[in-house]
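Notes to accompany the following structure.
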Amino acid sequence: MEIQKDVSLAAYTTFHIGGPADFFVSVASGDELQEAYQYGRGHDLPVRILGGGSNVLIPDEGIRGLVIHIGILGTHYSEEGDDVLVTAGAGVVWDELVADTVTRGLWGLENLSAIPGTVGATPVQNVGAYGAEVADSIVSVRAYDTTTDTFIELTNNECQFGYRDSLFKTNDGKRYIVVSCTYRVSKNEQPKLSYKDLAETFGDHAPTVEDVREAVVRIRAGKFPDWNIYGTAGSFFKNPIISREVFTKLQTTYPDIPSFEAPDGMVKIPLGYVLDAVLAFKGVREGSVGTYEKQALVIVNYGDASFADVDAFAKIIEQKVFEATGIMIEREVRVLK
């Protein structure tokens with residue numbers, strides 16, 4: 001374990017944006033994570049955790065203190081009847097794990113194909129797409145408790161999963177750093193085809209798990225930029241969840257607006273529809289930052305955009321949506337500072 005100084009963080013995020021960290025270390029095990037955190041605490045340094053960098057924005061001035069990059073690898077499979085438990089280190093590339101389960105003919109993660117980032121971020125964000133989310137599959141999360149300096153195992157219920165939300169986003173939950181996750185997948189055919197594009201792709205055909213993954217990868221490629229080419233974090237904003245009353249009023253202005261049922265009688269509306277059909281914000285650019293030409297929900301760094309550029313552009317979108325709908329939208333991408 002080597003503590004480095006003044007390390008640029010732009011290369012550690014899919015946005016390719018971010019200033020330097022005063023101190024930086026990459027850890028390969030839970031023990032190294034514990035040692036690194038204790039180092040930061042012992043030297044009175046603020047400590048920040050960075051995984052795959054796929055859902056974060058880092059300020060241009062960088063981060064004061066110690067940044068711990070999670071590089072904990074390793075994957076283990078164990079059978080439980082028709083189910084298989086998959087435990088993966090927090091630093092494992094998420095899509096590589098999904099691809100591996102699909103290759104083994106296991107159902108459960110295939111709808112979450114082609115999502116950038118690492119395993120450690122999936123419970124924090126409750127990553128979801130195309131009618132599935134990791135809360136459906138997570139059995140437990142092993143985490144380092146920075147308050148008690150111990151390692152604990154959190155059950156699915158204890159993770160308090162919600163829409164793009166979890167215990168790990170709460171003030172109390174921020175004490176935990178994810179070390180590994182255990183997912184339950186199945187040997188039995190369990191296709192989730194409720195998402196419109198998937199339903200249209202397969203119709204009455206019964207797809208294999210490989211078919212579902214290939215379809216999801218193809219659909220995402222048609223809507224999201226290649227993060228190996230463009231700087232992006234994928235969907236920048238959450239889809240708004242509003243009351244039935246607010247939605248009914250919204251329909252009077254926009255009768256064609258789509259909607260989905262949400263828990264507790266709430267309604268989820270696709271923000272992409274508002275940005276595209278209502279505001280015509282697809283492919284809009286301001287200098288080196290803009291929305292993706294195929295999906296207005298995605299903000300892209302087309303070259304040398306800064307944190308300030310992206311933040312200012314996002315604020316424009318937030319204001320436009322509020323003026324058109326009265327809804328204050330939330331960012332899915334978080335700022336690490």
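Chains: A, B, ... in order of the structure tokens. Residues: from 1 per chain. Ligands: from 1, in order shown.
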
*Quick one: everything within 9 Å of Pro258 of chain A, counting only C-alpha atoms, minus sequence neighbours fewer than 6 positions away in the same chain. Send it as a VMD selection string.*
chain A and resid 268 to 270 273

_Applying 8 Å and only C-alpha atoms, which residues near segment 168-174 of chain A remain after dropping the ones on its own chain fewer than 2 positions away? List them as number ranges by chain._
A: 123-125, 159, 165-166, 176-177

_Using only C-alpha atoms, can you tell me which of A:Leu275, A:Gln295, A:Tyr302, A:Gly62 comes closest to Glu318 of chain A?_
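For Glu318 of chain A, the nearest of the candidates is A:Leu275.
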
*When you draw a straight line from atom CA of Lys294 of chain A to atom CA of Trp94 of chain A, how long is it in Å?*
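About the pair atom CA of Lys294 of chain A and atom CA of Trp94 of chain A: they are 23.9 Å apart.
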
*asked:* One decimal, in Å: what's the spacing between atom CA of Thr248 of chain A and atom CA of Val127 of chain A?
replied: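 That distance, rounded to one decimal, is 28.7 Å.
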
*asked:* Would you pick out the contacts of Ser137 of chain A at 7 Å or less, using only C-alpha atoms, so that residues sharing its chain but fewer than 2 positions from it are not included, and give the list as a ChimeraX atom specification?
replied: /A:108,134-135,139,183-185

For N, CA and C atoms, I'd like the residues from the last selection saved as a PDB file, in the first residue's frame.
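So the final result, stored in part_6.pdb, reads:
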```
ATOM      1  N   GLY A 108     -30.609 -13.200 -13.246  1.00  0.00           N
ATOM      2  CA  GLY A 108     -30.777 -12.269 -12.142  1.00  0.00           C
ATOM      3  C   GLY A 108     -30.134 -10.913 -12.349  1.00  0.00           C
ATOM      4  N   VAL A 134     -30.487  -3.824  -8.253  1.00  0.00           N
ATOM      5  CA  VAL A 134     -29.685  -4.777  -7.480  1.00  0.00           C
ATOM      6  C   VAL A 134     -30.355  -5.181  -6.176  1.00  0.00           C
ATOM      7  N   ALA A 135     -31.271  -4.361  -5.687  1.00  0.00           N
ATOM      8  CA  ALA A 135     -32.006  -4.734  -4.474  1.00  0.00           C
ATOM      9  C   ALA A 135     -32.760  -6.047  -4.659  1.00  0.00           C
ATOM     10  N   VAL A 139     -28.086 -10.196  -1.406  1.00  0.00           N
ATOM     11  CA  VAL A 139     -28.359 -10.941  -0.178  1.00  0.00           C
ATOM     12  C   VAL A 139     -27.772 -10.204   1.013  1.00  0.00           C
ATOM     13  N   TYR A 183     -24.707 -11.616  -4.124  1.00  0.00           N
ATOM     14  CA  TYR A 183     -25.939 -11.576  -4.914  1.00  0.00           C
ATOM     15  C   TYR A 183     -26.499 -12.991  -5.067  1.00  0.00           C
ATOM     16  N   ARG A 184     -27.816 -13.080  -5.117  1.00  0.00           N
ATOM     17  CA  ARG A 184     -28.472 -14.361  -5.385  1.00  0.00           C
ATOM     18  C   ARG A 184     -28.927 -14.391  -6.842  1.00  0.00           C
ATOM     19  N   VAL A 185     -28.413 -15.349  -7.595  1.00  0.00           N
ATOM     20  CA  VAL A 185     -28.832 -15.543  -8.978  1.00  0.00           C
ATOM     21  C   VAL A 185     -29.391 -16.955  -9.100  1.00  0.00           C
TER      22      VAL A 185
END
```

*Hey, what's within 8 Å of segment 325-327 of chain A if we count only C-alpha atoms and toss same-chain stuff fewer than 4 positions away? As a list in words, please?*
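Contacts, in chain order: Pro240, Leu250 and Val321 of chain A.
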
Atoms kept (C-alpha atoms) for selection, written as a compact mmCIF listing (two decimals), in the first residue's frame:
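After the write, part-v4.txt holds the following:
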```txt
# COMPACT_ATOMS: atom_id res chain seq x y z
CA PRO A 240 -39.06 12.22 -10.72
CA LEU A 250 -49.31 17.69 -15.28
CA VAL A 321 -37.70 21.46 -16.12
```

*Could you give me the residues within segment 16-252 of chain A that DSSP places in alpha helix (DSSP H), as a count of residues only?*
59

*asked:* Give me the residues near Thr147 of chain A as a ChimeraX atom specification, where near means some atom within 9 Å (using only C-alpha atoms) and where sequence neighbours in that chain fewer than 2 positions away do not count.
replied: /A:144-145,149-150,175-176

_Residue nearest Asp311 of chain A among A:Gly131, A:Pro59, A:Gly283, A:Gly120 (counting only C-alpha atoms)_ =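 For Asp311 of chain A, the nearest of the candidates is A:Pro59.
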
*From the list A:Ala36, A:Phe260, A:Val274, A:Glu110, which residue is nearest Glu323 of chain A when using only C-alpha atoms?*
A:Val274

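Taking only C-alpha atoms into account, Gly162 of chain A lies nearest to A:Gly128 out of the set A:Arg104, A:Ser8, A:Gly128, A:Cys181.
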
_Long-range neighbours of Arg64 of chain A as a PyMOL selection string, 12 Å cut-off, only C-alpha atoms, 6 positions minimum in chain_ = chain A and resi 5-7+9+19-24+40+44-48+58+336-337

*For Thr201 of chain A, list every protein, DNA or RNA residue within 10 Å, evaluated using only C-alpha atoms, and leave out those in the same chain fewer than 6 positions away; present the list as a ChimeraX atom specification.*
/A:193,207,211-212,215-216,219
